[in-house]
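structure00.cif (mmCIF, C-alpha atoms)
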```
data_protein
#
loop_
_atom_site.label_atom_id
_atom_site.label_comp_id
_atom_site.auth_asym_id
_atom_site.auth_seq_id
_atom_site.Cartn_x
_atom_site.Cartn_y
_atom_site.Cartn_z
CA MET J 16 92.02 92.87 111.95
CA LYS J 17 94.14 94.77 114.52
CA LEU J 18 97.44 93.29 113.27
CA LEU J 19 96.72 94.18 109.65
CA TRP J 20 95.76 97.78 110.36
CA THR J 21 98.72 98.27 112.69
CA LEU J 22 101.05 97.05 109.94
CA LEU J 23 99.35 99.24 107.36
CA PHE J 24 99.75 102.26 109.64
CA LEU J 25 103.48 101.56 109.97
CA CYS J 26 103.65 101.11 106.21
CA SER J 27 102.01 104.53 105.72
CA LEU J 28 104.89 106.08 107.66
CA ASN J 29 107.18 104.91 104.82
CA ILE J 30 109.66 103.35 107.24
CA TYR J 31 111.78 102.11 104.33
CA ALA J 32 113.47 105.06 102.59
CA LEU J 33 114.24 103.68 99.13
CA GLU J 34 117.27 104.91 97.20
CA VAL J 35 117.18 104.11 93.48
CA ASP J 36 120.63 103.48 92.00
CA ILE J 37 120.57 103.56 88.17
CA HIS J 38 123.58 101.87 86.61
CA LYS J 39 124.91 103.02 83.19
CA LEU J 40 122.65 106.06 83.15
CA ASP J 41 125.60 108.07 81.82
CA SER J 42 125.61 105.94 78.65
CA LEU J 43 122.56 107.94 77.54
CA SER J 44 122.38 111.47 76.19
CA LYS J 45 121.59 114.28 78.66
CA ASN J 46 117.98 114.27 77.54
CA GLY J 47 117.85 110.47 77.70
CA GLN J 48 119.20 110.52 81.25
CA GLN J 49 116.44 112.91 82.31
CA VAL J 50 113.72 110.89 80.60
CA VAL J 51 114.84 107.56 82.03
CA SER J 52 115.44 108.95 85.52
CA ASN J 53 111.97 110.51 85.59
CA TRP J 54 110.34 107.34 84.28
CA ILE J 55 111.99 105.08 86.84
CA ASP J 56 111.32 107.47 89.70
CA GLN J 57 107.67 107.88 88.74
CA SER J 58 107.20 104.14 88.24
CA VAL J 59 108.64 103.35 91.68
CA LYS J 60 106.34 105.94 93.27
CA LYS J 61 103.29 104.57 91.44
CA THR J 62 104.16 101.05 92.54
CA GLU J 63 104.68 102.08 96.15
CA ASN J 64 101.42 104.05 96.13
CA THR J 65 99.61 100.77 95.44
CA LEU J 66 101.75 98.22 97.29
CA GLY J 67 103.53 100.26 99.92
CA PRO J 68 107.29 100.70 100.40
CA LEU J 69 109.64 97.96 99.35
CA LYS J 70 111.41 96.13 102.14
CA GLN J 71 114.87 97.26 101.06
CA THR J 72 116.75 100.55 101.29
CA THR J 73 118.46 100.44 97.88
CA LEU J 74 117.00 99.49 94.50
CA PRO J 75 119.65 98.91 91.81
CA ILE J 76 118.43 99.38 88.23
CA TYR J 77 120.74 97.94 85.56
CA LEU J 78 120.23 99.65 82.21
CA LYS J 79 120.94 97.91 78.91
CA PRO J 80 120.24 100.66 76.33
CA GLN J 81 119.60 99.61 72.73
CA TYR J 82 119.89 101.67 69.57
CA PHE J 83 117.06 99.92 67.73
CA ALA J 84 113.99 98.54 69.52
CA PHE J 85 110.38 98.01 68.51
CA GLU J 86 109.04 98.88 71.97
CA PRO J 87 110.24 101.01 74.91
CA VAL J 88 111.28 98.02 77.04
CA PRO J 89 111.74 94.93 74.86
CA TRP J 90 113.01 92.80 77.75
CA ALA J 91 113.55 93.00 81.50
CA THR J 92 114.21 90.73 84.45
CA VAL J 93 114.56 90.78 88.22
CA LYS J 94 118.10 90.32 89.55
CA ARG J 95 117.84 88.48 92.86
CA SER J 96 120.74 89.57 95.06
CA ASN J 97 121.31 91.62 98.17
CA PRO J 98 119.58 93.93 97.44
CA ASP J 99 117.23 92.73 94.70
CA GLY J 100 117.26 94.80 91.52
CA VAL J 101 115.88 95.06 88.00
CA GLU J 102 117.67 94.76 84.65
CA LEU J 103 116.03 96.85 81.91
CA HIS J 104 116.76 96.55 78.19
CA ILE J 105 115.42 99.84 76.84
CA ASP J 106 115.02 101.86 73.68
CA ARG J 107 117.40 104.74 74.39
CA TYR J 108 115.28 107.07 72.23
CA ALA J 109 111.84 106.31 73.74
CA SER J 110 109.85 109.23 75.15
CA LEU J 111 108.73 109.58 78.76
CA ASN J 112 105.15 109.03 77.63
CA ALA J 113 106.07 105.80 75.85
CA PHE J 114 107.99 104.49 78.87
CA THR J 115 105.15 105.43 81.23
CA LYS J 116 102.56 103.53 79.20
CA ASP J 117 104.75 100.42 78.97
CA TRP J 118 103.78 97.72 81.51
CA THR J 119 107.20 96.10 81.93
CA LEU J 120 108.72 98.06 84.81
CA TYR J 121 105.52 97.87 86.87
CA HIS J 122 105.62 94.09 86.35
CA GLU J 123 109.24 93.72 87.44
CA LEU J 124 108.85 96.00 90.46
CA SER J 125 105.84 93.93 91.56
CA HIS J 126 108.05 90.85 91.66
CA LEU J 127 110.16 92.46 94.37
CA TYR J 128 107.25 92.39 96.82
CA LEU J 129 107.31 88.59 96.85
CA PRO J 130 110.18 86.28 97.82
CA LEU J 131 111.95 83.97 95.41
CA PHE J 132 109.98 80.72 95.10
CA PRO J 133 111.00 77.28 93.79
CA TYR J 134 110.36 76.85 90.05
CA SER J 135 107.21 74.83 90.71
CA ALA J 136 105.69 77.92 92.34
CA PHE J 137 106.76 80.48 89.74
CA TRP J 138 103.11 80.62 88.67
CA LEU J 139 102.54 82.55 91.90
CA SER J 140 105.26 85.14 91.29
CA GLU J 141 104.50 85.60 87.59
CA GLY J 142 100.77 85.61 88.23
CA PHE J 143 101.09 88.24 90.93
CA ALA J 144 103.23 90.50 88.73
CA SER J 145 100.93 90.04 85.71
CA TYR J 146 97.89 91.02 87.75
CA MET J 147 99.53 93.76 89.78
CA GLN J 148 101.10 95.56 86.81
CA ASN J 149 97.55 96.32 85.68
CA VAL J 150 96.36 97.30 89.16
CA ILE J 151 99.26 99.75 89.53
CA MET J 152 98.63 101.26 86.09
CA ARG J 153 94.90 101.56 86.83
CA ASP J 154 95.43 103.04 90.30
CA SER J 155 97.84 105.66 88.96
CA GLY J 156 95.69 106.64 85.98
CA VAL J 157 98.01 105.24 83.31
CA ILE J 158 95.10 103.09 82.10
CA THR J 159 91.36 103.41 82.67
CA GLN J 160 89.13 100.92 84.47
CA ALA J 161 87.80 99.78 81.08
CA GLN J 162 91.35 99.17 79.85
CA PHE J 163 92.16 97.34 83.10
CA VAL J 164 89.26 94.96 82.48
CA GLN J 165 90.14 94.52 78.80
CA ARG J 166 93.81 93.78 79.48
CA LEU J 167 93.08 91.15 82.11
CA ASP J 168 90.38 89.55 79.98
CA ALA J 169 92.74 89.43 76.98
CA GLY J 170 95.42 87.80 79.14
CA PHE J 171 92.96 85.22 80.43
CA ASN J 172 91.92 84.44 76.86
CA ARG J 173 95.55 83.82 75.89
CA GLY J 174 96.04 81.59 78.92
CA ARG J 175 92.80 79.73 78.18
CA LEU J 176 93.86 79.14 74.58
CA GLN J 177 97.26 77.75 75.57
CA SER J 178 95.62 75.49 78.17
CA LYS J 179 94.28 73.43 75.26
CA THR J 180 97.81 72.29 74.38
CA LYS J 181 99.58 72.77 77.73
CA SER J 182 97.33 70.87 80.10
CA GLN J 183 99.78 69.51 82.68
CA PRO J 184 99.14 70.23 86.37
CA LEU J 185 100.04 73.88 86.97
CA SER J 186 102.92 73.30 89.41
CA GLU J 187 104.47 70.74 87.07
CA LEU J 188 104.16 73.01 84.04
CA SER J 189 105.47 75.99 86.00
CA ALA J 190 108.76 74.19 86.66
CA ASP J 191 109.25 73.59 82.93
CA MET J 192 107.49 76.56 81.34
CA TRP J 193 110.56 77.97 79.56
CA ASN J 194 111.35 74.68 77.82
CA GLN J 195 107.72 74.25 76.85
CA GLY J 196 107.01 77.87 75.97
CA ALA J 197 104.06 77.77 78.35
CA GLN J 198 104.31 81.28 79.74
CA GLN J 199 100.80 82.32 78.69
CA ARG J 200 99.12 79.56 80.63
CA VAL J 201 101.42 79.79 83.66
CA TYR J 202 101.40 83.59 83.95
CA TRP J 203 97.69 84.06 83.41
CA THR J 204 96.51 81.13 85.51
CA GLY J 205 98.60 82.65 88.28
CA ALA J 206 97.01 86.04 87.62
CA ALA J 207 93.57 84.40 87.83
CA PHE J 208 94.52 83.01 91.25
CA PHE J 209 95.22 86.51 92.56
CA VAL J 210 92.12 87.96 90.91
CA GLU J 211 90.00 85.34 92.67
CA ALA J 212 91.79 86.07 95.95
CA ASP J 213 91.23 89.81 95.53
CA LEU J 214 87.54 89.28 94.75
CA ALA J 215 87.14 87.21 97.92
CA LEU J 216 89.06 89.78 99.97
CA HIS J 217 86.82 92.56 98.67
CA GLN J 218 83.84 90.71 100.11
CA GLN J 219 85.56 90.95 103.51
CA GLY J 220 86.35 94.66 103.13
CA GLN J 221 90.01 94.04 102.30
CA THR J 222 92.21 94.14 99.21
CA LEU J 223 95.16 92.11 97.99
CA ALA J 224 97.30 95.27 97.90
CA GLU J 225 96.64 95.88 101.60
CA ILE J 226 97.63 92.31 102.47
CA ILE J 227 100.87 92.60 100.47
CA LYS J 228 101.69 95.91 102.16
CA ALA J 229 101.38 94.23 105.53
CA TYR J 230 103.34 91.21 104.30
CA GLN J 231 106.38 93.44 103.67
CA LEU J 232 106.46 94.39 107.34
CA CYS J 233 105.82 91.08 109.04
CA CYS J 234 106.89 88.23 106.84
CA ARG J 235 108.81 89.02 103.64
CA THR J 236 112.00 86.96 103.32
CA ALA J 237 114.48 86.57 100.47
CA ARG J 238 113.27 83.03 99.71
CA SER J 239 110.16 81.14 100.70
CA SER J 240 108.19 78.03 99.95
CA ALA J 241 104.79 78.53 98.37
CA LYS J 242 103.05 77.01 101.39
CA THR J 243 104.73 79.37 103.85
CA PHE J 244 103.84 82.37 101.71
CA ILE J 245 100.22 81.26 101.41
CA LYS J 246 99.92 80.66 105.15
CA ASP J 247 101.34 84.12 105.86
CA LEU J 248 98.71 85.75 103.62
CA ASP J 249 95.93 83.80 105.31
CA LYS J 250 97.22 84.88 108.71
CA LEU J 251 97.25 88.53 107.67
CA SER J 252 93.79 88.37 106.11
CA ARG J 253 92.44 86.23 108.94
CA SER J 254 90.90 83.93 106.39
CA SER J 255 91.46 80.68 104.53
CA ILE J 256 91.12 82.37 101.13
CA PHE J 257 94.67 81.76 99.96
CA THR J 258 95.00 78.22 101.32
CA SER J 259 91.73 77.17 99.68
CA LEU J 260 92.62 78.71 96.32
CA TYR J 261 96.17 77.32 96.44
CA ALA J 262 94.86 73.80 96.99
CA GLU J 263 92.57 74.27 93.99
CA TYR J 264 95.09 75.91 91.66
CA LYS J 265 98.44 74.18 92.19
CA ASN J 266 97.46 71.00 90.38
CA ARG J 267 94.70 72.25 88.12
CA SER J 268 94.96 71.44 84.43
CA ASP J 269 92.10 73.62 83.18
CA PHE J 270 91.79 77.38 82.99
CA PRO J 271 89.53 79.20 85.48
CA ASN J 272 86.43 81.00 84.28
CA ILE J 273 86.63 84.64 85.31
CA THR J 274 84.28 86.96 83.44
CA LYS J 275 84.77 90.60 82.48
CA LYS J 276 81.83 91.44 84.73
CA LEU J 277 83.67 89.98 87.74
CA ILE J 278 86.92 91.74 86.84
CA ASN J 279 85.08 95.04 86.66
CA THR J 280 84.09 94.74 90.32
CA LEU J 281 87.73 95.08 91.38
#
```
Translate this structure into structure tokens?
Amino acid sequence: MKLLWTLLFLCSLNIYALEVDIHKLDSLSKNGQQVVSNWIDQSVKKTENTLGPLKQTTLPIYLKPQYFAFEPVPWATVKRSNPDGVELHIDRYASLNAFTKDWTLYHELSHLYLPLFPYSAFWLSEGFASYMQNVIMRDSGVITQAQFVQRLDAGFNRGRLQSKTKSQPLSELSADMWNQGAQQRVYWTGAAFFVEADLALHQQGQTLAEIIKAYQLCCRTARSSAKTFIKDLDKLSRSSIFTSLYAEYKNRSDFPNITKKLINTL
């Protein structure tokens, strides 16, 4: 495990000094600017506390403020460029507390720790972000351990329900999930993959977050195939955990059985 711990030590030195560049912040009121700036800054810090520093020096955030919204962040997306960024459609009147409790920014920031995959492997990127948003919120005290378990279990139930009507092999469905409206099955089967990986890593005295921290330093590229990514994670963990699970998951048509009791061990 010498390579992993060396990389984690370097990561702890915060060798990437991240500058957050918020676009259109001045379109908000003075109070709104303060609220949104604090929220984004705190969310980045919470994410980096769990996953380590991002492998980029600048993080552009593109604001799309709305006057009427039913939730703090009704929509968001990653903008893959050089550097990668995040586009946030926000309720300009939401409070700092409401923004903090919203999962969306933690989800989008998690995406930036993985490269861009082909569409057939989007279940990996969306699954990672869906799982990690909850880990980050749990680690930073935004949600409790009980809420962490409940949120993952609820997501798995939604994915399991959609698997009854969207039963194509996962990689095939992933490539067409927008046309088929199959996000629940694709996102949450992918999240189950990473939960299973994290459970197996725990048995070896490791965590998924530690492996991803090390991945930023040794292997993160702008684009990658799924197989290369999986092999890199196995190399870092000195295991075959990811390769074995990937072979099982990529073509599976059912939904995995992960109990609340298992989730609670994470």
Closest atom pairs, residues of range 134-222 of chain J within 10 Å of range 65-68 of chain J, all atoms listed in the file, as a tab-separated table:
```
residue	atom	partner	partner_atom	distance
J:Met147	CA	J:Thr65	CA	9.0
J:Val150	CA	J:Thr65	CA	7.9
J:Ile151	CA	J:Thr65	CA	6.0
J:Met152	CA	J:Thr65	CA	9.4
J:Arg153	CA	J:Thr65	CA	9.8
J:Asp154	CA	J:Thr65	CA	7.0
J:Ser155	CA	J:Thr65	CA	8.3
```
Output for the residues just chosen: C-alpha atoms as a CSV table (one decimal), in the frame of the given file:
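Just written: again.csv:
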```
chain,number,residue,atom,x,y,z
J,147,MET,CA,99.5,93.8,89.8
J,150,VAL,CA,96.4,97.3,89.2
J,151,ILE,CA,99.3,99.8,89.5
J,152,MET,CA,98.6,101.3,86.1
J,153,ARG,CA,94.9,101.6,86.8
J,154,ASP,CA,95.4,103.0,90.3
J,155,SER,CA,97.8,105.7,89.0
```
query = Between J:Leu260, J:Leu120, J:Ile226, J:Ala190, which one has atoms that come closest to Val88 in chain J, using all atoms listed in the file?
reply =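 Of J:Leu260, J:Leu120, J:Ile226, J:Ala190, the one nearest Val88 in chain J is J:Leu120, counting all atoms listed in the file.
Note that CA of Leu69 in chain J and CA of Val35 in chain J are 11.4 Å apart.
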query = Looking at only C-alpha atoms, which of J:Thr204, J:Gln49, J:Ser140, J:Gln165 is the one that sits closest to Ile245 in chain J?
reply = J:Ser140
From J:Ser178, J:Thr72, J:Thr92, J:Gln221, residue lying nearest Leu281 in chain J [all atoms listed in the file] =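 Among the listed residues, the smallest separation from Leu281 in chain J belongs to J:Gln221.
Distances from J:His38, J:Phe85, J:Tyr264, J:Phe114 to Asn53 in chain J were compared using only C-alpha atoms, and the smallest one belongs to J:Phe114.
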Kindly reconstruct range 123-139 of chain J with N, CA and C atoms and present the result as a compact mmCIF listing (two decimals), in the frame of the given file.
```txt
# COMPACT_ATOMS: atom_id res chain seq x y z
N GLU J 123 108.01 94.15 86.77
CA GLU J 123 109.24 93.72 87.44
C GLU J 123 109.30 94.25 88.88
N LEU J 124 108.86 95.47 89.10
CA LEU J 124 108.85 96.00 90.46
C LEU J 124 107.90 95.21 91.35
N SER J 125 106.79 94.75 90.79
CA SER J 125 105.84 93.93 91.56
C SER J 125 106.49 92.65 92.05
N HIS J 126 107.35 92.07 91.25
CA HIS J 126 108.05 90.85 91.66
C HIS J 126 108.80 91.04 92.98
N LEU J 127 109.31 92.23 93.21
CA LEU J 127 110.16 92.46 94.37
C LEU J 127 109.38 92.44 95.69
N TYR J 128 108.07 92.46 95.61
CA TYR J 128 107.25 92.39 96.82
C TYR J 128 107.04 90.96 97.31
N LEU J 129 107.43 90.00 96.48
CA LEU J 129 107.31 88.59 96.85
C LEU J 129 108.70 87.99 96.95
N PRO J 130 108.88 86.95 97.75
CA PRO J 130 110.18 86.28 97.82
C PRO J 130 110.43 85.43 96.58
N LEU J 131 111.62 84.91 96.48
CA LEU J 131 111.95 83.97 95.41
C LEU J 131 111.39 82.60 95.77
N PHE J 132 110.59 82.03 94.88
CA PHE J 132 109.98 80.72 95.10
C PHE J 132 110.73 79.64 94.31
N PRO J 133 110.53 78.37 94.65
CA PRO J 133 111.00 77.28 93.79
C PRO J 133 110.31 77.36 92.43
N TYR J 134 110.92 76.77 91.40
CA TYR J 134 110.36 76.85 90.05
C TYR J 134 108.92 76.38 89.98
N SER J 135 108.57 75.37 90.76
CA SER J 135 107.21 74.83 90.71
C SER J 135 106.17 75.84 91.18
N ALA J 136 106.61 76.90 91.86
CA ALA J 136 105.69 77.92 92.34
C ALA J 136 105.86 79.25 91.61
N PHE J 137 106.59 79.24 90.48
CA PHE J 137 106.76 80.48 89.74
C PHE J 137 105.43 81.01 89.20
N TRP J 138 104.42 80.15 89.10
CA TRP J 138 103.11 80.62 88.67
C TRP J 138 102.56 81.66 89.64
N LEU J 139 102.96 81.56 90.92
CA LEU J 139 102.54 82.55 91.90
C LEU J 139 103.23 83.89 91.65
```
